[in-house]
Structures are given as structure tokens and as C-alpha cells.
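As provided, query32.tsv (TSV, N, CA and C atoms) reads as follows.
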```tsv
chain	number	residue	atom	x	y	z
M	1	SER	N	151.56	98.60	134.60
M	1	SER	CA	152.52	98.30	135.65
M	1	SER	C	152.61	96.80	135.86
M	2	VAL	N	153.77	96.35	136.17
M	2	VAL	CA	153.99	94.97	136.53
M	2	VAL	C	154.52	94.97	137.96
M	3	ALA	N	153.87	94.20	138.81
M	3	ALA	CA	154.28	94.19	140.22
M	3	ALA	C	153.87	92.88	140.87
M	4	ARG	N	154.48	92.60	142.00
M	4	ARG	CA	154.07	91.45	142.80
M	4	ARG	C	152.78	91.81	143.51
M	5	GLY	N	151.89	90.85	143.60
M	5	GLY	CA	150.61	91.09	144.27
M	5	GLY	C	150.74	91.45	145.72
M	6	GLN	N	151.82	91.04	146.37
M	6	GLN	CA	152.03	91.35	147.78
M	6	GLN	C	152.62	92.74	147.99
M	7	ASP	N	152.94	93.44	146.90
M	7	ASP	CA	153.59	94.74	147.03
M	7	ASP	C	153.18	95.63	145.85
M	8	LEU	N	151.91	96.02	145.80
M	8	LEU	CA	151.42	96.83	144.68
M	8	LEU	C	151.98	98.25	144.78
M	9	PRO	N	152.50	98.81	143.67
M	9	PRO	CA	153.19	100.10	143.68
M	9	PRO	C	152.24	101.30	143.50
M	10	PHE	N	151.17	101.32	144.28
M	10	PHE	CA	150.20	102.41	144.17
M	10	PHE	C	149.92	102.93	145.57
M	11	VAL	N	149.57	104.21	145.65
M	11	VAL	CA	149.25	104.79	146.96
M	11	VAL	C	147.89	104.29	147.42
M	12	ASP	N	147.67	104.38	148.70
M	12	ASP	CA	146.40	103.95	149.29
M	12	ASP	C	145.22	104.64	148.61
M	13	GLY	N	144.17	103.88	148.34
M	13	GLY	CA	142.94	104.43	147.78
M	13	GLY	C	143.05	104.96	146.37
M	14	SER	N	144.00	104.46	145.59
M	14	SER	CA	144.23	104.96	144.22
M	14	SER	C	143.08	104.69	143.25
M	15	PHE	N	142.32	103.62	143.48
M	15	PHE	CA	141.34	103.18	142.49
M	15	PHE	C	139.93	103.17	143.06
M	16	SER	N	138.97	103.50	142.21
M	16	SER	CA	137.56	103.51	142.64
M	16	SER	C	136.93	102.13	142.58
M	17	ALA	N	137.63	101.17	141.99
M	17	ALA	CA	137.19	99.78	141.92
M	17	ALA	C	138.39	98.94	141.49
M	18	ALA	N	138.28	97.63	141.69
M	18	ALA	CA	139.34	96.72	141.25
M	18	ALA	C	138.72	95.40	140.83
M	19	TRP	N	139.46	94.63	140.05
M	19	TRP	CA	138.99	93.30	139.69
M	19	TRP	C	140.19	92.39	139.48
M	20	ALA	N	139.98	91.12	139.76
M	20	ALA	CA	141.01	90.10	139.61
M	20	ALA	C	140.33	88.85	139.05
M	21	MET	N	140.43	88.66	137.76
M	21	MET	CA	139.80	87.51	137.11
M	21	MET	C	140.83	86.43	136.84
M	22	ASP	N	140.70	85.32	137.52
M	22	ASP	CA	141.54	84.13	137.37
M	22	ASP	C	142.98	84.31	137.85
M	23	THR	N	143.35	85.45	138.34
M	23	THR	CA	144.74	85.65	138.78
M	23	THR	C	145.00	85.14	140.19
M	24	LEU	N	144.03	85.27	141.08
M	24	LEU	CA	144.25	84.90	142.48
M	24	LEU	C	144.30	83.38	142.66
M	25	ALA	N	143.93	82.63	141.63
M	25	ALA	CA	144.06	81.17	141.69
M	25	ALA	C	145.52	80.75	141.65
M	26	HIS	N	146.41	81.66	141.28
M	26	HIS	CA	147.83	81.35	141.20
M	26	HIS	C	148.58	81.80	142.45
M	27	VAL	N	147.83	82.26	143.44
M	27	VAL	CA	148.43	82.71	144.71
M	27	VAL	C	148.22	81.61	145.75
M	28	PRO	N	149.30	81.13	146.37
M	28	PRO	CA	149.13	80.10	147.39
M	28	PRO	C	148.36	80.62	148.60
M	29	ASN	N	147.72	79.70	149.28
M	29	ASN	CA	146.95	80.08	150.48
M	29	ASN	C	147.83	80.77	151.52
M	30	SER	N	149.10	80.44	151.56
M	30	SER	CA	150.00	81.07	152.53
M	30	SER	C	150.23	82.54	152.25
M	31	ARG	N	149.88	83.01	151.03
M	31	ARG	CA	150.11	84.43	150.67
M	31	ARG	C	148.84	85.16	150.25
M	32	ILE	N	147.72	84.47	150.21
M	32	ILE	CA	146.50	85.08	149.66
M	32	ILE	C	146.06	86.30	150.48
M	33	HIS	N	146.18	86.24	151.81
M	33	HIS	CA	145.75	87.40	152.61
M	33	HIS	C	146.62	88.62	152.34
M	34	ASP	N	147.91	88.41	152.08
M	34	ASP	CA	148.79	89.54	151.74
M	34	ASP	C	148.34	90.21	150.45
M	35	VAL	N	147.98	89.40	149.45
M	35	VAL	CA	147.58	89.94	148.15
M	35	VAL	C	146.22	90.64	148.25
M	36	VAL	N	145.26	90.02	148.92
M	36	VAL	CA	143.94	90.65	149.06
M	36	VAL	C	144.05	91.93	149.88
M	37	SER	N	144.90	91.93	150.89
M	37	SER	CA	145.12	93.16	151.68
M	37	SER	C	145.65	94.29	150.80
M	38	GLN	N	146.52	93.96	149.86
M	38	GLN	CA	147.03	94.97	148.93
M	38	GLN	C	145.93	95.49	148.00
M	39	LEU	N	145.08	94.59	147.51
M	39	LEU	CA	143.95	95.03	146.69
M	39	LEU	C	143.06	96.00	147.46
M	40	VAL	N	142.78	95.66	148.70
M	40	VAL	CA	141.94	96.53	149.54
M	40	VAL	C	142.66	97.86	149.79
M	41	ARG	N	143.94	97.81	150.06
M	41	ARG	CA	144.70	99.03	150.37
M	41	ARG	C	144.68	100.02	149.21
M	42	VAL	N	144.85	99.53	147.97
M	42	VAL	CA	144.94	100.45	146.83
M	42	VAL	C	143.57	100.84	146.28
M	43	THR	N	142.52	100.26	146.82
M	43	THR	CA	141.16	100.58	146.39
M	43	THR	C	140.52	101.50	147.42
M	44	ALA	N	139.76	102.47	146.96
M	44	ALA	CA	139.16	103.47	147.85
M	44	ALA	C	138.25	102.81	148.89
M	45	PRO	N	138.12	103.42	150.06
M	45	PRO	CA	137.19	102.91	151.08
M	45	PRO	C	135.78	102.80	150.52
M	46	GLY	N	135.14	101.67	150.75
M	46	GLY	CA	133.79	101.44	150.27
M	46	GLY	C	133.68	101.03	148.82
M	47	ALA	N	134.82	100.85	148.15
M	47	ALA	CA	134.82	100.52	146.72
M	47	ALA	C	134.61	99.02	146.51
M	48	PRO	N	134.05	98.64	145.35
M	48	PRO	CA	133.87	97.22	145.04
M	48	PRO	C	135.13	96.61	144.43
M	49	ILE	N	135.33	95.35	144.77
M	49	ILE	CA	136.39	94.55	144.15
M	49	ILE	C	135.72	93.28	143.62
M	50	ALA	N	135.87	93.02	142.33
M	50	ALA	CA	135.29	91.83	141.71
M	50	ALA	C	136.39	90.78	141.56
M	51	VAL	N	136.03	89.53	141.86
M	51	VAL	CA	137.00	88.44	141.82
M	51	VAL	C	136.37	87.23	141.13
M	52	GLY	N	137.11	86.60	140.24
M	52	GLY	CA	136.69	85.37	139.60
M	52	GLY	C	137.73	84.29	139.82
M	53	LEU	N	137.27	83.10	140.16
M	53	LEU	CA	138.16	81.96	140.46
M	53	LEU	C	137.52	80.66	139.99
M	54	TRP	N	138.33	79.63	139.86
M	54	TRP	CA	137.81	78.27	139.66
M	54	TRP	C	137.78	77.57	140.99
M	55	SER	N	136.71	76.86	141.27
M	55	SER	CA	136.51	76.21	142.56
M	55	SER	C	137.39	74.98	142.71
M	56	GLY	N	137.34	74.41	143.89
M	56	GLY	CA	138.05	73.17	144.16
M	56	GLY	C	137.80	72.72	145.58
M	57	ASP	N	138.53	71.72	145.97
M	57	ASP	CA	138.39	71.15	147.30
M	57	ASP	C	139.48	71.67	148.23
M	58	ASP	N	139.77	72.95	148.14
M	58	ASP	CA	140.82	73.57	148.93
M	58	ASP	C	142.15	72.84	148.73
M	59	ASP	N	142.48	72.64	147.44
M	59	ASP	CA	143.71	71.96	147.09
M	59	ASP	C	144.64	72.89	146.34
M	60	GLU	N	145.93	72.61	146.44
M	60	GLU	CA	146.94	73.35	145.71
M	60	GLU	C	147.74	72.33	144.90
M	61	THR	N	147.94	72.66	143.61
M	61	THR	CA	148.57	71.69	142.71
M	61	THR	C	149.19	72.41	141.53
M	62	LEU	N	149.92	71.68	140.73
M	62	LEU	CA	150.36	72.18	139.43
M	62	LEU	C	149.31	71.79	138.41
M	63	ASN	N	149.06	72.66	137.46
M	63	ASN	CA	148.01	72.43	136.47
M	63	ASN	C	148.32	71.18	135.64
M	64	LEU	N	147.47	70.19	135.75
M	64	LEU	CA	147.69	68.91	135.09
M	64	LEU	C	147.51	68.97	133.58
M	65	VAL	N	146.80	69.98	133.08
M	65	VAL	CA	146.56	70.04	131.63
M	65	VAL	C	147.57	70.93	130.90
M	66	ASP	N	148.49	71.56	131.63
M	66	ASP	CA	149.53	72.34	130.95
M	66	ASP	C	150.43	71.41	130.17
M	67	LEU	N	150.73	71.79	128.94
M	67	LEU	CA	151.59	70.98	128.10
M	67	LEU	C	153.05	71.41	128.20
M	68	GLU	N	153.29	72.62	128.65
M	68	GLU	CA	154.66	73.13	128.76
M	68	GLU	C	155.09	73.12	130.22
M	69	GLU	N	156.41	73.08	130.41
M	69	GLU	CA	157.00	73.20	131.73
M	69	GLU	C	157.58	74.60	131.84
M	70	PRO	N	157.56	75.23	132.96
M	70	PRO	CA	156.95	74.74	134.19
M	70	PRO	C	155.43	74.90	134.13
M	71	ARG	N	154.73	73.95	134.69
M	71	ARG	CA	153.28	74.04	134.76
M	71	ARG	C	152.88	75.11	135.77
M	72	ARG	N	151.71	75.69	135.55
M	72	ARG	CA	151.22	76.76	136.43
M	72	ARG	C	150.75	76.20	137.77
M	73	PHE	N	151.06	76.94	138.83
M	73	PHE	CA	150.56	76.63	140.17
M	73	PHE	C	149.10	77.05	140.25
M	74	LEU	N	148.26	76.22	140.87
M	74	LEU	CA	146.85	76.55	141.04
M	74	LEU	C	146.41	76.27	142.48
M	75	SER	N	145.69	77.20	143.03
M	75	SER	CA	145.06	77.02	144.34
M	75	SER	C	143.56	77.09	144.12
M	76	HIS	N	142.91	75.93	144.24
M	76	HIS	CA	141.46	75.87	144.07
M	76	HIS	C	140.82	75.91	145.45
M	77	ARG	N	139.85	76.80	145.62
M	77	ARG	CA	139.22	77.00	146.92
M	77	ARG	C	137.74	76.67	146.85
M	78	SER	N	137.23	76.10	147.94
M	78	SER	CA	135.80	75.78	148.02
M	78	SER	C	134.99	77.07	148.17
M	79	ASP	N	133.70	76.98	147.91
M	79	ASP	CA	132.82	78.15	148.06
M	79	ASP	C	132.87	78.72	149.48
M	80	PRO	N	132.77	77.89	150.53
M	80	PRO	CA	132.85	78.45	151.89
M	80	PRO	C	134.20	79.12	152.17
M	81	THR	N	135.29	78.55	151.66
M	81	THR	CA	136.61	79.17	151.86
M	81	THR	C	136.69	80.52	151.18
M	82	VAL	N	136.19	80.61	149.95
M	82	VAL	CA	136.23	81.89	149.22
M	82	VAL	C	135.42	82.95	149.96
M	83	ASN	N	134.22	82.60	150.39
M	83	ASN	CA	133.39	83.57	151.12
M	83	ASN	C	134.04	84.00	152.42
M	84	ARG	N	134.63	83.06	153.15
M	84	ARG	CA	135.30	83.41	154.41
M	84	ARG	C	136.52	84.28	154.16
M	85	LEU	N	137.34	83.88	153.19
M	85	LEU	CA	138.57	84.58	152.90
M	85	LEU	C	138.33	86.05	152.55
M	86	PHE	N	137.42	86.29	151.61
M	86	PHE	CA	137.18	87.66	151.19
M	86	PHE	C	136.34	88.41	152.22
M	87	GLY	N	135.51	87.70	152.95
M	87	GLY	CA	134.74	88.32	154.03
M	87	GLY	C	135.63	88.86	155.13
M	88	GLU	N	136.82	88.33	155.28
M	88	GLU	CA	137.78	88.83	156.27
M	88	GLU	C	138.38	90.16	155.85
M	89	HIS	N	138.20	90.54	154.59
M	89	HIS	CA	138.79	91.78	154.06
M	89	HIS	C	137.76	92.81	153.66
M	90	GLY	N	136.49	92.50	153.79
M	90	GLY	CA	135.43	93.42	153.41
M	90	GLY	C	134.10	92.70	153.50
M	91	THR	N	133.09	93.27	152.87
M	91	THR	CA	131.75	92.69	152.89
M	91	THR	C	131.45	92.04	151.56
M	92	VAL	N	131.20	90.72	151.56
M	92	VAL	CA	130.84	90.03	150.33
M	92	VAL	C	129.39	90.39	150.00
M	93	GLU	N	129.21	91.10	148.89
M	93	GLU	CA	127.87	91.55	148.50
M	93	GLU	C	127.20	90.60	147.51
M	94	ARG	N	128.01	89.90	146.76
M	94	ARG	CA	127.44	89.00	145.74
M	94	ARG	C	128.39	87.83	145.56
M	95	PHE	N	127.82	86.64	145.52
M	95	PHE	CA	128.61	85.45	145.25
M	95	PHE	C	127.78	84.54	144.36
M	96	ARG	N	128.31	84.22	143.19
M	96	ARG	CA	127.60	83.36	142.23
M	96	ARG	C	128.56	82.31	141.71
M	97	THR	N	128.00	81.20	141.29
M	97	THR	CA	128.80	80.16	140.65
M	97	THR	C	128.08	79.68	139.40
M	98	TRP	N	128.83	79.11	138.49
M	98	TRP	CA	128.23	78.43	137.34
M	98	TRP	C	129.19	77.34	136.90
M	99	PRO	N	128.64	76.26	136.31
M	99	PRO	CA	129.46	75.11	135.95
M	99	PRO	C	130.42	75.42	134.82
M	100	GLU	N	131.50	74.65	134.80
M	100	GLU	CA	132.45	74.75	133.70
M	100	GLU	C	131.75	74.37	132.41
M	101	ASP	N	132.00	75.13	131.36
M	101	ASP	CA	131.36	74.89	130.07
M	101	ASP	C	132.02	73.70	129.38
M	102	ALA	N	131.25	72.98	128.62
M	102	ALA	CA	131.77	71.85	127.87
M	102	ALA	C	132.23	72.26	126.48
M	103	GLY	N	132.05	73.53	126.10
M	103	GLY	CA	132.40	73.99	124.76
M	103	GLY	C	133.90	74.09	124.54
M	104	ALA	N	134.28	74.15	123.28
M	104	ALA	CA	135.70	74.21	122.91
M	104	ALA	C	136.38	75.44	123.50
M	105	GLU	N	135.62	76.52	123.72
M	105	GLU	CA	136.21	77.74	124.26
M	105	GLU	C	136.70	77.57	125.69
M	106	SER	N	136.31	76.49	126.35
M	106	SER	CA	136.75	76.24	127.72
M	106	SER	C	138.15	75.67	127.78
M	107	GLY	N	138.69	75.22	126.65
M	107	GLY	CA	140.06	74.74	126.62
M	107	GLY	C	140.20	73.30	127.09
M	108	PRO	N	141.46	72.86	127.28
M	108	PRO	CA	141.72	71.49	127.68
M	108	PRO	C	141.05	71.16	129.01
M	109	GLY	N	140.52	69.97	129.11
M	109	GLY	CA	139.91	69.53	130.36
M	109	GLY	C	138.49	70.02	130.55
M	110	ALA	N	137.93	70.69	129.55
M	110	ALA	CA	136.60	71.26	129.67
M	110	ALA	C	135.59	70.22	130.15
M	111	ASP	N	134.86	70.59	131.18
M	111	ASP	CA	133.79	69.79	131.74
M	111	ASP	C	134.26	68.46	132.31
M	112	ASN	N	135.55	68.31	132.52
M	112	ASN	CA	136.06	67.06	133.06
M	112	ASN	C	136.65	67.21	134.46
M	113	THR	N	136.65	68.40	134.98
M	113	THR	CA	137.31	68.62	136.28
M	113	THR	C	136.33	68.59	137.43
M	114	GLY	N	135.03	68.75	137.16
M	114	GLY	CA	134.05	68.82	138.23
M	114	GLY	C	134.09	70.15	138.97
M	115	ARG	N	134.80	71.10	138.44
M	115	ARG	CA	134.91	72.42	139.08
M	115	ARG	C	133.82	73.35	138.54
M	116	HIS	N	133.64	74.45	139.25
M	116	HIS	CA	132.74	75.48	138.76
M	116	HIS	C	133.41	76.83	138.95
M	117	TYR	N	132.91	77.83	138.21
M	117	TYR	CA	133.48	79.16	138.30
M	117	TYR	C	132.82	79.91	139.45
M	118	GLN	N	133.62	80.63	140.19
M	118	GLN	CA	133.15	81.43	141.32
M	118	GLN	C	133.34	82.91	140.97
M	119	PHE	N	132.33	83.69	141.19
M	119	PHE	CA	132.42	85.14	140.96
M	119	PHE	C	131.86	85.83	142.19
M	120	LEU	N	132.61	86.77	142.71
M	120	LEU	CA	132.11	87.52	143.86
M	120	LEU	C	132.48	88.98	143.74
M	121	ILE	N	131.67	89.78	144.39
M	121	ILE	CA	131.98	91.20	144.57
M	121	ILE	C	131.99	91.44	146.07
M	122	PHE	N	133.11	91.97	146.53
M	122	PHE	CA	133.14	92.38	147.92
M	122	PHE	C	133.51	93.85	147.99
M	123	ARG	N	133.07	94.48	149.03
M	123	ARG	CA	133.27	95.92	149.19
M	123	ARG	C	134.27	96.17	150.30
M	124	THR	N	135.21	97.07	150.02
M	124	THR	CA	136.23	97.40	151.00
M	124	THR	C	135.59	98.11	152.20
M	125	PRO	N	136.20	97.94	153.37
M	125	PRO	CA	135.65	98.60	154.57
M	125	PRO	C	135.70	100.12	154.45
M	126	THR	N	134.78	100.78	155.09
M	126	THR	CA	134.82	102.24	155.17
M	126	THR	C	135.25	102.63	156.57
M	127	PRO	N	135.96	103.74	156.67
M	127	PRO	CA	136.45	104.16	158.00
M	127	PRO	C	135.32	104.52	158.95
```
Structure rendered as C-alpha cells:
Amino acid sequence: SVARGQDLPFVDGSFSAAWAMDTLAHVPNSRIHDVVSQLVRVTAPGAPIAVGLWSGDDDETLNLVDLEEPRRFLSHRSDPTVNRLFGEHGTVERFRTWPEDAGAESGPGADNTGRHYQFLIFRTPTP
């Protein structure tokens, strides 16, 4: 399925778990709660949702290393912001970070951004 994150075409509680790796970094802060609310809505009560993001100083920008136009929109969030944001939608059970790799597999800008990867698992509320 292809859908907007603010309007997922699934009934409430459709999935026993969900994950969003690197996708929520493209959602502006003005819409992030709408998208996370949809993830929670379509995931069963008490289910885990895994999220991966690249950190930042709570800044929103166009990706400086994109070679093609239009460049991708990026919203980089600090560790406290990520924990607060997802904590408003459930219980953060695990939060880990690790530095950006300097290897070729990291792509353009590897190890030059000062960012780190954020991974968290939060659990949807139970009734």
C-alpha cells in the first residue's frame, strides 16, 4: 500500500507490531504527531513500534548531500526530543544510539555530520 503517513488506510489495531526506519526523518515537526498517532492507531493496543532516525539539533533542512533536485526534506531531532515525542504516544521501552559509521556503506557525508543514529522501541497504550 502507498499512503500518506497522516492518513493510513488500515482499520484500528490491524498490526501486531510496526516499524519506521529512516522514514519519520522526512516528516516535519508540524506533522509528526499526526503520523505517530496513525502508527499507534493501526497497531494493536500494547504492541511495539520500532523507530530509527538520524539525530540532530532539532533542525529542519533540505539534505545538503543530495545531488539531485528536489533535495529531500530532513527533520533531525535531539535525543530528548525523540524520547519526549514518542513518550507522548506510548511508553518508550528502549532507546539506543550509535555513531555514524565512517565506512563507504554510510554514503555521502559519512562521519562528517556529527550525527548519530537513534533507535527506539515504544509500546502503544493499552485500554
Check: Expressed in Å to a single decimal, how great is the separation between atom CA of Leu120 of chain M and atom C of Asp12 of chain M?
Finding: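 So the answer is 22.1 Å.
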Mind working out the centre and edge lengths of an axis-aligned box for segment 64-81 of chain M, all listed atoms inside, 8 Å added to each side, rounded to one decimal in Å and written as AutoDock Vina command-line options?
```
--center_x 145.2 --center_y 74.7 --center_z 140.1 --size_x 40.8 --size_y 27.6 --size_z 40.1
```
Notebook entry, point to check: Per DSSP on the backbone, what are the helix (DSSP H, G or I) residues of segment 47-113 of chain M, as a ChimeraX atom specification?
Noted result: /M:79-87,104-106
Check: Which is closer to Val11 of chain M than all the others in M:Ser30, M:Thr43, M:Ser78, M:Asn63, using only N, CA and C atoms?
Finding: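 Answer, going by the shortest atom-to-atom distance: M:Thr43.
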Next item on the list: Counting only C-alpha atoms, write as a PyMOL selection string all protein and nucleic acid residues lying at most 10 Å from (126.9, 80.4, 139.5) in the file's frame.
Entry: chain M and resi 95-100+116-120
Note to self: To one decimal place in Å, what is the distance between atom N of Ile49 of chain M and atom C of Pro28 of chain M?
What the structure shows: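 Atom-to-atom, atom N of Ile49 of chain M and atom C of Pro28 of chain M are spaced 20.0 Å apart.
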Next item on the list: Have a look at atom CA of Ile121 of chain M and atom CA of Pro9 of chain M and let me know their distance in Å, one decimal.
Entry: 23.0 Å
